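The structure file target.tsv is reproduced below (TSV, C-alpha atoms).
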```
chain	number	residue	atom	x	y	z
A	1	MET	CA	0.00	0.00	0.00
A	2	HIS	CA	2.78	2.42	0.95
A	3	ASP	CA	4.55	1.70	-2.32
A	4	LEU	CA	1.51	2.61	-4.28
A	5	VAL	CA	1.12	6.16	-2.88
A	6	PRO	CA	4.06	7.80	-4.76
A	7	ILE	CA	2.94	6.19	-8.01
A	8	LEU	CA	-0.59	7.46	-7.53
A	9	VAL	CA	0.63	10.95	-6.65
A	10	CYS	CA	2.94	11.04	-9.69
A	11	GLY	CA	0.14	9.76	-11.89
A	12	PHE	CA	-2.19	12.46	-10.63
A	13	LEU	CA	0.40	15.25	-10.91
A	14	PHE	CA	1.66	14.43	-14.38
A	15	ILE	CA	-1.43	13.01	-16.08
A	16	GLY	CA	-4.55	13.92	-14.12
A	17	LEU	CA	-3.80	17.59	-13.45
A	18	PRO	CA	-2.73	18.57	-16.99
A	19	TRP	CA	-5.71	16.64	-18.31
A	20	VAL	CA	-8.14	18.61	-16.15
A	21	ILE	CA	-6.46	21.94	-17.00
A	22	LEU	CA	-6.34	21.27	-20.74
A	23	HIS	CA	-9.92	20.06	-20.67
A	24	TYR	CA	-11.11	23.35	-19.18
A	25	VAL	CA	-8.84	25.40	-21.48
A	26	THR	CA	-10.39	23.81	-24.57
A	27	GLN	CA	-13.90	24.26	-23.13
A	28	TRP	CA	-13.17	27.91	-22.45
A	29	LYS	CA	-11.75	28.46	-25.94
A	30	LYS	CA	-14.73	26.78	-27.57
A	31	ASN	CA	-17.32	28.82	-25.71
A	32	GLY	CA	-15.64	32.13	-24.99
A	33	GLY	CA	-13.70	33.04	-28.10
A	34	LEU	CA	-14.93	35.02	-31.08
A	35	SER	CA	-13.45	34.18	-34.46
A	36	ILE	CA	-11.89	37.07	-36.32
A	37	GLU	CA	-14.80	37.24	-38.78
A	38	ASP	CA	-17.29	37.38	-35.93
A	39	GLU	CA	-15.27	40.08	-34.28
A	40	ASN	CA	-15.19	42.24	-37.39
A	41	LEU	CA	-18.90	41.65	-37.90
A	42	LEU	CA	-19.62	42.67	-34.32
A	43	ASP	CA	-17.49	45.78	-34.79
A	44	ASP	CA	-19.49	46.72	-37.90
A	45	LEU	CA	-22.85	46.03	-36.28
A	46	HIS	CA	-21.94	47.98	-33.17
A	47	ASP	CA	-20.90	50.92	-35.32
A	48	LEU	CA	-24.07	50.66	-37.41
A	49	ALA	CA	-26.26	50.51	-34.31
A	50	ARG	CA	-24.66	53.69	-33.02
A	51	ARG	CA	-25.17	55.55	-36.25
A	52	LEU	CA	-28.77	54.38	-36.61
A	53	ASP	CA	-29.40	55.37	-33.01
A	54	GLU	CA	-28.15	58.88	-33.68
A	55	ARG	CA	-30.18	59.16	-36.87
A	56	MET	CA	-33.28	57.90	-35.11
A	57	ASN	CA	-32.73	60.51	-32.46
A	58	THR	CA	-32.53	63.27	-35.08
A	59	ILE	CA	-35.72	62.07	-36.78
A	60	GLU	CA	-37.57	61.96	-33.49
A	61	ARG	CA	-36.43	65.48	-32.78
A	62	ILE	CA	-37.63	66.69	-36.19
A	63	VAL	CA	-41.01	65.02	-35.76
A	64	ALA	CA	-41.34	66.37	-32.23
A	65	ALA	CA	-40.45	69.86	-33.44
A	66	ASP	CA	-43.10	69.57	-36.13
A	67	ASP	CA	-45.83	68.29	-33.85
A	68	PRO	CA	-45.59	68.77	-30.07
A	69	THR	CA	-48.08	65.93	-29.45
A	70	PHE	CA	-45.46	63.40	-30.54
A	71	LYS	CA	-44.00	61.66	-27.50
A	72	ARG	CA	-40.29	60.96	-27.68
A	73	PRO	CA	-38.84	58.04	-25.70
A	74	GLU	CA	-38.03	58.89	-22.09
A	75	THR	CA	-34.37	57.88	-22.35
A	76	GLU	CA	-33.71	60.19	-25.29
A	77	ARG	CA	-35.32	63.17	-23.58
A	78	LEU	CA	-33.19	62.52	-20.53
A	79	ARG	CA	-30.11	62.46	-22.68
A	80	ASP	CA	-31.08	65.79	-24.24
A	81	GLU	CA	-31.47	67.47	-20.88
A	82	ARG	CA	-27.77	66.98	-20.35
A	83	GLU	CA	-26.86	68.59	-23.69
A	84	ASP	CA	-29.64	71.13	-24.05
A	85	ASP	CA	-28.44	73.08	-27.06
A	86	HIS	CA	-30.29	71.38	-29.86
A	87	VAL	CA	-31.96	73.50	-32.51
A	88	PHE	CA	-34.97	71.20	-33.02
A	89	ASP	CA	-35.85	71.35	-29.34
A	90	GLN	CA	-35.75	75.13	-29.46
A	91	ILE	CA	-38.10	75.12	-32.44
A	92	ALA	CA	-40.48	72.75	-30.63
A	93	GLU	CA	-40.38	74.97	-27.56
A	94	ARG	CA	-41.19	78.06	-29.62
A	95	ARG	CA	-44.11	76.30	-31.30
A	96	ARG	CA	-45.53	75.21	-28.00
A	97	GLU	CA	-45.37	78.77	-26.68
A	98	ARG	CA	-47.07	80.12	-29.79
A	99	ARG	CA	-49.97	77.70	-29.34
A	100	ARG	CA	-50.63	78.83	-25.78
B	1	MET	CA	-1.02	38.05	-37.09
B	2	ALA	CA	-3.90	40.39	-37.79
B	3	PRO	CA	-4.60	42.94	-35.04
B	4	ARG	CA	-7.70	42.10	-33.02
B	5	ARG	CA	-9.84	43.94	-30.56
B	6	THR	CA	-9.84	40.99	-28.17
B	7	HIS	CA	-6.07	40.75	-27.86
B	8	PHE	CA	-4.00	42.06	-25.01
B	9	TYR	CA	-1.97	45.17	-25.84
B	10	LEU	CA	0.35	47.45	-23.95
B	11	ASP	CA	-1.04	50.89	-23.31
B	12	LYS	CA	2.06	53.06	-23.28
B	13	SER	CA	0.25	56.38	-23.65
B	14	ASN	CA	-1.56	55.86	-20.31
B	15	GLY	CA	1.20	53.84	-18.68
B	16	LYS	CA	3.58	54.87	-15.92
B	17	PHE	CA	6.55	52.79	-17.03
B	18	LEU	CA	6.04	50.28	-19.86
B	19	GLY	CA	2.26	50.28	-19.93
B	20	VAL	CA	1.64	46.73	-18.74
B	21	CYS	CA	-0.64	47.67	-15.83
B	22	ALA	CA	-2.46	50.24	-17.96
B	23	GLY	CA	-2.85	47.54	-20.63
B	24	ILE	CA	-4.37	45.14	-18.10
B	25	ALA	CA	-6.71	47.89	-16.90
B	26	ASP	CA	-7.70	48.68	-20.49
B	27	TYR	CA	-8.23	45.01	-21.28
B	28	THR	CA	-10.34	44.11	-18.26
B	29	GLY	CA	-12.02	47.39	-17.34
B	30	ILE	CA	-10.61	47.35	-13.80
B	31	ASP	CA	-9.44	50.75	-12.61
B	32	VAL	CA	-5.76	51.30	-13.47
B	33	LEU	CA	-4.88	52.44	-9.93
B	34	LEU	CA	-6.34	49.23	-8.51
B	35	VAL	CA	-4.28	47.14	-10.94
B	36	ARG	CA	-1.07	48.96	-10.00
B	37	VAL	CA	-1.66	48.72	-6.25
B	38	GLY	CA	-2.62	45.07	-6.63
B	39	PHE	CA	0.55	44.37	-8.60
B	40	VAL	CA	2.79	46.00	-6.01
B	41	LEU	CA	1.01	44.30	-3.08
B	42	LEU	CA	1.24	40.93	-4.82
B	43	ASN	CA	4.97	41.42	-5.28
B	44	PHE	CA	5.43	42.13	-1.57
B	45	ALA	CA	3.06	39.42	-0.42
B	46	THR	CA	4.71	36.61	-2.36
B	47	GLY	CA	8.01	37.30	-0.58
B	48	PHE	CA	10.66	35.04	-2.05
B	49	PHE	CA	8.80	34.76	-5.35
B	50	GLY	CA	8.39	38.53	-5.40
B	51	GLY	CA	11.09	38.80	-8.04
B	52	MET	CA	8.97	36.70	-10.37
B	53	GLY	CA	6.32	39.41	-10.59
B	54	ILE	CA	8.84	41.92	-11.89
B	55	VAL	CA	10.26	39.35	-14.31
B	56	ALA	CA	6.73	38.64	-15.51
B	57	TYR	CA	6.22	42.38	-15.98
B	58	PHE	CA	9.26	42.70	-18.23
B	59	VAL	CA	8.49	39.51	-20.16
B	60	THR	CA	4.95	40.80	-20.81
B	61	ALA	CA	6.29	44.18	-21.89
B	62	TRP	CA	8.73	42.44	-24.22
B	63	LEU	CA	6.23	39.98	-25.75
B	64	ALA	CA	3.09	42.09	-26.05
B	65	ASP	CA	2.66	44.70	-28.78
B	66	GLU	CA	1.79	48.34	-28.46
B	67	LYS	CA	-1.90	48.99	-29.04
B	68	PRO	CA	-2.61	49.84	-32.71
B	69	ARG	CA	-3.81	53.37	-33.39
B	70	GLU	CA	-6.97	52.25	-35.18
B	71	PHE	CA	-8.18	50.65	-31.95
B	72	ASP	CA	-8.34	53.93	-30.04
B	73	TYR	CA	-11.84	54.15	-28.62
B	74	ALA	CA	-14.26	56.73	-29.90
B	75	ASP	CA	-15.64	57.40	-26.40
B	76	ARG	CA	-16.30	55.79	-23.02
B	77	GLU	CA	-19.27	53.82	-24.31
B	78	ASP	CA	-17.09	52.26	-27.03
B	79	LYS	CA	-14.47	51.33	-24.45
B	80	LYS	CA	-17.05	49.71	-22.16
B	81	PHE	CA	-18.49	47.78	-25.09
B	82	TRP	CA	-15.16	46.20	-26.05
B	83	GLN	CA	-14.25	45.39	-22.48
B	84	LYS	CA	-17.55	43.55	-22.26
B	85	VAL	CA	-16.86	41.73	-25.53
B	86	ARG	CA	-13.60	40.43	-24.06
B	87	ALA	CA	-15.25	39.29	-20.85
B	88	ARG	CA	-18.49	37.85	-22.25
B	89	PRO	CA	-18.85	37.90	-26.07
B	90	GLY	CA	-22.26	36.23	-26.04
B	91	HIS	CA	-23.77	38.96	-23.90
B	92	SER	CA	-22.48	41.77	-26.07
B	93	VAL	CA	-23.92	40.15	-29.19
B	94	ARG	CA	-27.29	40.09	-27.43
B	95	ASP	CA	-26.81	43.72	-26.44
B	96	VAL	CA	-26.28	44.76	-30.05
B	97	ARG	CA	-29.42	42.87	-31.05
B	98	ALA	CA	-31.34	44.65	-28.30
B	99	ARG	CA	-30.16	48.00	-29.68
B	100	PHE	CA	-31.39	47.11	-33.14
B	101	ARG	CA	-34.76	46.06	-31.70
B	102	ASP	CA	-34.98	49.37	-29.86
B	103	ILE	CA	-34.28	51.29	-33.07
B	104	ASP	CA	-36.89	49.19	-34.87
B	105	ARG	CA	-39.50	49.97	-32.23
B	106	ARG	CA	-38.78	53.70	-32.29
B	107	LEU	CA	-38.91	53.75	-36.07
B	108	ALA	CA	-42.29	52.00	-35.93
B	109	ASP	CA	-43.52	54.67	-33.49
B	110	VAL	CA	-42.43	57.49	-35.80
B	111	GLU	CA	-43.98	55.72	-38.78
B	112	THR	CA	-47.30	55.28	-36.98
B	113	HIS	CA	-47.25	58.91	-35.94
B	114	VAL	CA	-46.49	60.23	-39.42
B	115	THR	CA	-49.02	58.04	-41.22
B	116	SER	CA	-51.82	58.73	-38.72
B	117	GLN	CA	-51.12	62.45	-38.99
B	118	ASN	CA	-51.42	62.30	-42.77
B	119	SER	CA	-54.69	60.38	-42.63
B	120	ARG	CA	-56.08	63.07	-40.31
B	121	LEU	CA	-55.00	65.72	-42.80
B	122	ALA	CA	-56.70	63.81	-45.63
B	123	HIS	CA	-59.83	63.53	-43.50
B	124	GLU	CA	-59.95	67.28	-42.92
B	125	ILE	CA	-59.46	68.02	-46.62
B	126	GLU	CA	-62.30	65.62	-47.30
B	127	ALA	CA	-64.49	67.49	-44.81
B	128	LEU	CA	-63.82	70.85	-46.53
B	129	ARG	CA	-65.27	69.73	-49.83
```

Could you render the structure as C-alpha coordinates?
Amino acid sequence: MHDLVPILVCGFLFIGLPWVILHYVTQWKKNGGLSIEDENLLDDLHDLARRLDERMNTIERIVAADDPTFKRPETERLRDEREDDHVFDQIAERRRERRR
Amino acid sequence: MAPRRTHFYLDKSNGKFLGVCAGIADYTGIDVLLVRVGFVLLNFATGFFGGMGIVAYFVTAWLADEKPREFDYADREDKKFWQKVRARPGHSVRDVRARFRDIDRRLADVETHVTSQNSRLAHEIEALR
(Lines of atoms letter the chains of each structure in order from A and count residues from 1; the text may use other names and numbers.)
(Lines give C-alpha, C1' and ligand atoms only; values in the text may rest on other atoms or scores of the structure.)
Protein backbone atom coordinates (compact mmCIF):
# COMPACT_ATOMS: atom_id res chain seq x y z
CA MET A 1 0.00 0.00 0.00
CA HIS A 2 2.78 2.42 0.95
CA ASP A 3 4.55 1.70 -2.32
CA LEU A 4 1.51 2.61 -4.28
CA VAL A 5 1.12 6.16 -2.88
CA PRO A 6 4.06 7.80 -4.76
CA ILE A 7 2.94 6.19 -8.01
CA LEU A 8 -0.59 7.46 -7.53
CA VAL A 9 0.63 10.95 -6.65
CA CYS A 10 2.94 11.04 -9.69
CA GLY A 11 0.14 9.76 -11.89
CA PHE A 12 -2.19 12.46 -10.63
CA LEU A 13 0.40 15.25 -10.91
CA PHE A 14 1.66 14.43 -14.38
CA ILE A 15 -1.43 13.01 -16.08
CA GLY A 16 -4.55 13.92 -14.12
CA LEU A 17 -3.80 17.59 -13.45
CA PRO A 18 -2.73 18.57 -16.99
CA TRP A 19 -5.71 16.64 -18.31
CA VAL A 20 -8.14 18.61 -16.15
CA ILE A 21 -6.46 21.94 -17.00
CA LEU A 22 -6.34 21.27 -20.74
CA HIS A 23 -9.92 20.06 -20.67
CA TYR A 24 -11.11 23.35 -19.18
CA VAL A 25 -8.84 25.40 -21.48
CA THR A 26 -10.39 23.81 -24.57
CA GLN A 27 -13.90 24.26 -23.13
CA TRP A 28 -13.17 27.91 -22.45
CA LYS A 29 -11.75 28.46 -25.94
CA LYS A 30 -14.73 26.78 -27.57
CA ASN A 31 -17.32 28.82 -25.71
CA GLY A 32 -15.64 32.13 -24.99
CA GLY A 33 -13.70 33.04 -28.10
CA LEU A 34 -14.93 35.02 -31.08
CA SER A 35 -13.45 34.18 -34.46
CA ILE A 36 -11.89 37.07 -36.32
CA GLU A 37 -14.80 37.24 -38.78
CA ASP A 38 -17.29 37.38 -35.93
CA GLU A 39 -15.27 40.08 -34.28
CA ASN A 40 -15.19 42.24 -37.39
CA LEU A 41 -18.90 41.65 -37.90
CA LEU A 42 -19.62 42.67 -34.32
CA ASP A 43 -17.49 45.78 -34.79
CA ASP A 44 -19.49 46.72 -37.90
CA LEU A 45 -22.85 46.03 -36.28
CA HIS A 46 -21.94 47.98 -33.17
CA ASP A 47 -20.90 50.92 -35.32
CA LEU A 48 -24.07 50.66 -37.41
CA ALA A 49 -26.26 50.51 -34.31
CA ARG A 50 -24.66 53.69 -33.02
CA ARG A 51 -25.17 55.55 -36.25
CA LEU A 52 -28.77 54.38 -36.61
CA ASP A 53 -29.40 55.37 -33.01
CA GLU A 54 -28.15 58.88 -33.68
CA ARG A 55 -30.18 59.16 -36.87
CA MET A 56 -33.28 57.90 -35.11
CA ASN A 57 -32.73 60.51 -32.46
CA THR A 58 -32.53 63.27 -35.08
CA ILE A 59 -35.72 62.07 -36.78
CA GLU A 60 -37.57 61.96 -33.49
CA ARG A 61 -36.43 65.48 -32.78
CA ILE A 62 -37.63 66.69 -36.19
CA VAL A 63 -41.01 65.02 -35.76
CA ALA A 64 -41.34 66.37 -32.23
CA ALA A 65 -40.45 69.86 -33.44
CA ASP A 66 -43.10 69.57 -36.13
CA ASP A 67 -45.83 68.29 -33.85
CA PRO A 68 -45.59 68.77 -30.07
CA THR A 69 -48.08 65.93 -29.45
CA PHE A 70 -45.46 63.40 -30.54
CA LYS A 71 -44.00 61.66 -27.50
CA ARG A 72 -40.29 60.96 -27.68
CA PRO A 73 -38.84 58.04 -25.70
CA GLU A 74 -38.03 58.89 -22.09
CA THR A 75 -34.37 57.88 -22.35
CA GLU A 76 -33.71 60.19 -25.29
CA ARG A 77 -35.32 63.17 -23.58
CA LEU A 78 -33.19 62.52 -20.53
CA ARG A 79 -30.11 62.46 -22.68
CA ASP A 80 -31.08 65.79 -24.24
CA GLU A 81 -31.47 67.47 -20.88
CA ARG A 82 -27.77 66.98 -20.35
CA GLU A 83 -26.86 68.59 -23.69
CA ASP A 84 -29.64 71.13 -24.05
CA ASP A 85 -28.44 73.08 -27.06
CA HIS A 86 -30.29 71.38 -29.86
CA VAL A 87 -31.96 73.50 -32.51
CA PHE A 88 -34.97 71.20 -33.02
CA ASP A 89 -35.85 71.35 -29.34
CA GLN A 90 -35.75 75.13 -29.46
CA ILE A 91 -38.10 75.12 -32.44
CA ALA A 92 -40.48 72.75 -30.63
CA GLU A 93 -40.38 74.97 -27.56
CA ARG A 94 -41.19 78.06 -29.62
CA ARG A 95 -44.11 76.30 -31.30
CA ARG A 96 -45.53 75.21 -28.00
CA GLU A 97 -45.37 78.77 -26.68
CA ARG A 98 -47.07 80.12 -29.79
CA ARG A 99 -49.97 77.70 -29.34
CA ARG A 100 -50.63 78.83 -25.78
CA MET B 1 -1.02 38.05 -37.09
CA ALA B 2 -3.90 40.39 -37.79
CA PRO B 3 -4.60 42.94 -35.04
CA ARG B 4 -7.70 42.10 -33.02
CA ARG B 5 -9.84 43.94 -30.56
CA THR B 6 -9.84 40.99 -28.17
CA HIS B 7 -6.07 40.75 -27.86
CA PHE B 8 -4.00 42.06 -25.01
CA TYR B 9 -1.97 45.17 -25.84
CA LEU B 10 0.35 47.45 -23.95
CA ASP B 11 -1.04 50.89 -23.31
CA LYS B 12 2.06 53.06 -23.28
CA SER B 13 0.25 56.38 -23.65
CA ASN B 14 -1.56 55.86 -20.31
CA GLY B 15 1.20 53.84 -18.68
CA LYS B 16 3.58 54.87 -15.92
CA PHE B 17 6.55 52.79 -17.03
CA LEU B 18 6.04 50.28 -19.86
CA GLY B 19 2.26 50.28 -19.93
CA VAL B 20 1.64 46.73 -18.74
CA CYS B 21 -0.64 47.67 -15.83
CA ALA B 22 -2.46 50.24 -17.96
CA GLY B 23 -2.85 47.54 -20.63
CA ILE B 24 -4.37 45.14 -18.10
CA ALA B 25 -6.71 47.89 -16.90
CA ASP B 26 -7.70 48.68 -20.49
CA TYR B 27 -8.23 45.01 -21.28
CA THR B 28 -10.34 44.11 -18.26
CA GLY B 29 -12.02 47.39 -17.34
CA ILE B 30 -10.61 47.35 -13.80
CA ASP B 31 -9.44 50.75 -12.61
CA VAL B 32 -5.76 51.30 -13.47
CA LEU B 33 -4.88 52.44 -9.93
CA LEU B 34 -6.34 49.23 -8.51
CA VAL B 35 -4.28 47.14 -10.94
CA ARG B 36 -1.07 48.96 -10.00
CA VAL B 37 -1.66 48.72 -6.25
CA GLY B 38 -2.62 45.07 -6.63
CA PHE B 39 0.55 44.37 -8.60
CA VAL B 40 2.79 46.00 -6.01
CA LEU B 41 1.01 44.30 -3.08
CA LEU B 42 1.24 40.93 -4.82
CA ASN B 43 4.97 41.42 -5.28
CA PHE B 44 5.43 42.13 -1.57
CA ALA B 45 3.06 39.42 -0.42
CA THR B 46 4.71 36.61 -2.36
CA GLY B 47 8.01 37.30 -0.58
CA PHE B 48 10.66 35.04 -2.05
CA PHE B 49 8.80 34.76 -5.35
CA GLY B 50 8.39 38.53 -5.40
CA GLY B 51 11.09 38.80 -8.04
CA MET B 52 8.97 36.70 -10.37
CA GLY B 53 6.32 39.41 -10.59
CA ILE B 54 8.84 41.92 -11.89
CA VAL B 55 10.26 39.35 -14.31
CA ALA B 56 6.73 38.64 -15.51
CA TYR B 57 6.22 42.38 -15.98
CA PHE B 58 9.26 42.70 -18.23
CA VAL B 59 8.49 39.51 -20.16
CA THR B 60 4.95 40.80 -20.81
CA ALA B 61 6.29 44.18 -21.89
CA TRP B 62 8.73 42.44 -24.22
CA LEU B 63 6.23 39.98 -25.75
CA ALA B 64 3.09 42.09 -26.05
CA ASP B 65 2.66 44.70 -28.78
CA GLU B 66 1.79 48.34 -28.46
CA LYS B 67 -1.90 48.99 -29.04
CA PRO B 68 -2.61 49.84 -32.71
CA ARG B 69 -3.81 53.37 -33.39
CA GLU B 70 -6.97 52.25 -35.18
CA PHE B 71 -8.18 50.65 -31.95
CA ASP B 72 -8.34 53.93 -30.04
CA TYR B 73 -11.84 54.15 -28.62
CA ALA B 74 -14.26 56.73 -29.90
CA ASP B 75 -15.64 57.40 -26.40
CA ARG B 76 -16.30 55.79 -23.02
CA GLU B 77 -19.27 53.82 -24.31
CA ASP B 78 -17.09 52.26 -27.03
CA LYS B 79 -14.47 51.33 -24.45
CA LYS B 80 -17.05 49.71 -22.16
CA PHE B 81 -18.49 47.78 -25.09
CA TRP B 82 -15.16 46.20 -26.05
CA GLN B 83 -14.25 45.39 -22.48
CA LYS B 84 -17.55 43.55 -22.26
CA VAL B 85 -16.86 41.73 -25.53
CA ARG B 86 -13.60 40.43 -24.06
CA ALA B 87 -15.25 39.29 -20.85
CA ARG B 88 -18.49 37.85 -22.25
CA PRO B 89 -18.85 37.90 -26.07
CA GLY B 90 -22.26 36.23 -26.04
CA HIS B 91 -23.77 38.96 -23.90
CA SER B 92 -22.48 41.77 -26.07
CA VAL B 93 -23.92 40.15 -29.19
CA ARG B 94 -27.29 40.09 -27.43
CA ASP B 95 -26.81 43.72 -26.44
CA VAL B 96 -26.28 44.76 -30.05
CA ARG B 97 -29.42 42.87 -31.05
CA ALA B 98 -31.34 44.65 -28.30
CA ARG B 99 -30.16 48.00 -29.68
CA PHE B 100 -31.39 47.11 -33.14
CA ARG B 101 -34.76 46.06 -31.70
CA ASP B 102 -34.98 49.37 -29.86
CA ILE B 103 -34.28 51.29 -33.07
CA ASP B 104 -36.89 49.19 -34.87
CA ARG B 105 -39.50 49.97 -32.23
CA ARG B 106 -38.78 53.70 -32.29
CA LEU B 107 -38.91 53.75 -36.07
CA ALA B 108 -42.29 52.00 -35.93
CA ASP B 109 -43.52 54.67 -33.49
CA VAL B 110 -42.43 57.49 -35.80
CA GLU B 111 -43.98 55.72 -38.78
CA THR B 112 -47.30 55.28 -36.98
CA HIS B 113 -47.25 58.91 -35.94
CA VAL B 114 -46.49 60.23 -39.42
CA THR B 115 -49.02 58.04 -41.22
CA SER B 116 -51.82 58.73 -38.72
CA GLN B 117 -51.12 62.45 -38.99
CA ASN B 118 -51.42 62.30 -42.77
CA SER B 119 -54.69 60.38 -42.63
CA ARG B 120 -56.08 63.07 -40.31
CA LEU B 121 -55.00 65.72 -42.80
CA ALA B 122 -56.70 63.81 -45.63
CA HIS B 123 -59.83 63.53 -43.50
CA GLU B 124 -59.95 67.28 -42.92
CA ILE B 125 -59.46 68.02 -46.62
CA GLU B 126 -62.30 65.62 -47.30
CA ALA B 127 -64.49 67.49 -44.81
CA LEU B 128 -63.82 70.85 -46.53
CA ARG B 129 -65.27 69.73 -49.83

Original post:
Hey, what's within 7 Å of range 66-72 of chain A if we count only C-alpha atoms and toss same-chain stuff fewer than 4 positions away? As a list in words, please?
Top reply: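 So the residues in contact are Glu60, Ile62, Arg77, Ala92 and Arg96 of chain A.
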
Original post:
Would you list which chain B residues are within 12 Å of chain A using all atoms listed in the file, as a ChimeraX atom specification?
Top reply: /B:1-7,71,73-75,77-79,81-82,84-117

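Using all atoms listed in the file, the nearest neighbour of Leu33 in chain B within the list B:Gln83, B:Thr46, B:Gly15, B:Ala64 is B:Gly15.
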
Subject >> Test item: residues at most 7 Å from range 22-31 of chain B, all atoms listed in the file, excluding those fewer than 5 positions along its chain, as a count of residues only >> reply: 7

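Here CA of Val20 in chain B is placed at a distance of 6.2 Å from CA of Ala61 in chain B.
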
Original post:
By how many Å are CA of Val37 in chain B and CA of Gly19 in chain B apart?
Top reply: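 We find that CA of Val37 in chain B and CA of Gly19 in chain B lie 14.3 Å from each other.
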
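Atom pair CA of Cys21 in chain B / CA of Arg36 in chain B has a distance of 6.0 Å (rounded to one decimal).
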
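Among the candidates A:His23, A:Glu74, A:Arg61, A:Gly11, the one nearest to Ile91 in chain A when counting only C-alpha atoms is A:Arg61.
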
Regenerate range 6-31 of chain B at the level of N, CA and C atoms and dump it as a short mmCIF file (atom, residue, chain, number, x, y, z; two decimals), in the frame of the given file.
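The result, stored in selection_11.cif:
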```
data_model
loop_
_atom_site.label_atom_id
_atom_site.label_comp_id
_atom_site.auth_asym_id
_atom_site.auth_seq_id
_atom_site.Cartn_x
_atom_site.Cartn_y
_atom_site.Cartn_z
N THR B 6 -9.79 41.82 -29.38
CA THR B 6 -9.84 40.99 -28.17
C THR B 6 -8.46 40.54 -27.72
N HIS B 7 -7.41 41.09 -28.32
CA HIS B 7 -6.07 40.75 -27.86
C HIS B 7 -5.60 41.69 -26.76
N PHE B 8 -4.60 41.21 -26.03
CA PHE B 8 -4.00 42.06 -25.01
C PHE B 8 -2.93 42.95 -25.65
N TYR B 9 -2.98 44.24 -25.33
CA TYR B 9 -1.97 45.17 -25.84
C TYR B 9 -1.42 46.01 -24.71
N LEU B 10 -0.19 46.47 -24.88
CA LEU B 10 0.35 47.45 -23.95
C LEU B 10 -0.30 48.79 -24.22
N ASP B 11 -0.44 49.57 -23.17
CA ASP B 11 -1.04 50.89 -23.31
C ASP B 11 -0.03 51.93 -22.83
N LYS B 12 0.93 52.22 -23.71
CA LYS B 12 2.06 53.06 -23.28
C LYS B 12 1.65 54.50 -23.04
N SER B 13 0.62 54.97 -23.79
CA SER B 13 0.25 56.38 -23.65
C SER B 13 -0.34 56.67 -22.28
N ASN B 14 -1.00 55.65 -21.65
CA ASN B 14 -1.56 55.86 -20.31
C ASN B 14 -0.70 55.21 -19.24
N GLY B 15 0.41 54.60 -19.64
CA GLY B 15 1.20 53.84 -18.68
C GLY B 15 2.17 54.69 -17.90
N LYS B 16 2.57 54.17 -16.73
CA LYS B 16 3.58 54.87 -15.92
C LYS B 16 5.00 54.51 -16.40
N PHE B 17 5.19 53.21 -16.68
CA PHE B 17 6.55 52.79 -17.03
C PHE B 17 6.58 52.15 -18.43
N LEU B 18 6.08 50.91 -18.54
CA LEU B 18 6.04 50.28 -19.86
C LEU B 18 4.61 50.04 -20.35
N GLY B 19 3.64 50.38 -19.50
CA GLY B 19 2.26 50.28 -19.93
C GLY B 19 1.61 48.94 -19.73
N VAL B 20 2.24 48.05 -18.94
CA VAL B 20 1.64 46.73 -18.74
C VAL B 20 0.38 46.83 -17.86
N CYS B 21 0.52 47.54 -16.73
CA CYS B 21 -0.64 47.67 -15.83
C CYS B 21 -1.78 48.42 -16.51
N ALA B 22 -1.43 49.49 -17.25
CA ALA B 22 -2.46 50.24 -17.96
C ALA B 22 -3.11 49.36 -19.03
N GLY B 23 -2.30 48.48 -19.64
CA GLY B 23 -2.85 47.54 -20.63
C GLY B 23 -3.83 46.57 -20.01
N ILE B 24 -3.46 46.06 -18.81
CA ILE B 24 -4.37 45.14 -18.10
C ILE B 24 -5.66 45.87 -17.74
N ALA B 25 -5.53 47.11 -17.27
CA ALA B 25 -6.71 47.89 -16.90
C ALA B 25 -7.59 48.12 -18.13
N ASP B 26 -6.95 48.44 -19.25
CA ASP B 26 -7.70 48.68 -20.49
C ASP B 26 -8.37 47.41 -20.98
N TYR B 27 -7.69 46.29 -20.80
CA TYR B 27 -8.23 45.01 -21.28
C TYR B 27 -9.43 44.56 -20.45
N THR B 28 -9.30 44.67 -19.11
CA THR B 28 -10.34 44.11 -18.26
C THR B 28 -11.40 45.11 -17.84
N GLY B 29 -11.07 46.40 -17.82
CA GLY B 29 -12.02 47.39 -17.34
C GLY B 29 -11.87 47.68 -15.86
N ILE B 30 -10.89 47.03 -15.20
CA ILE B 30 -10.61 47.35 -13.80
C ILE B 30 -9.86 48.68 -13.76
N ASP B 31 -10.10 49.45 -12.71
CA ASP B 31 -9.44 50.75 -12.61
C ASP B 31 -7.92 50.58 -12.58
#
```
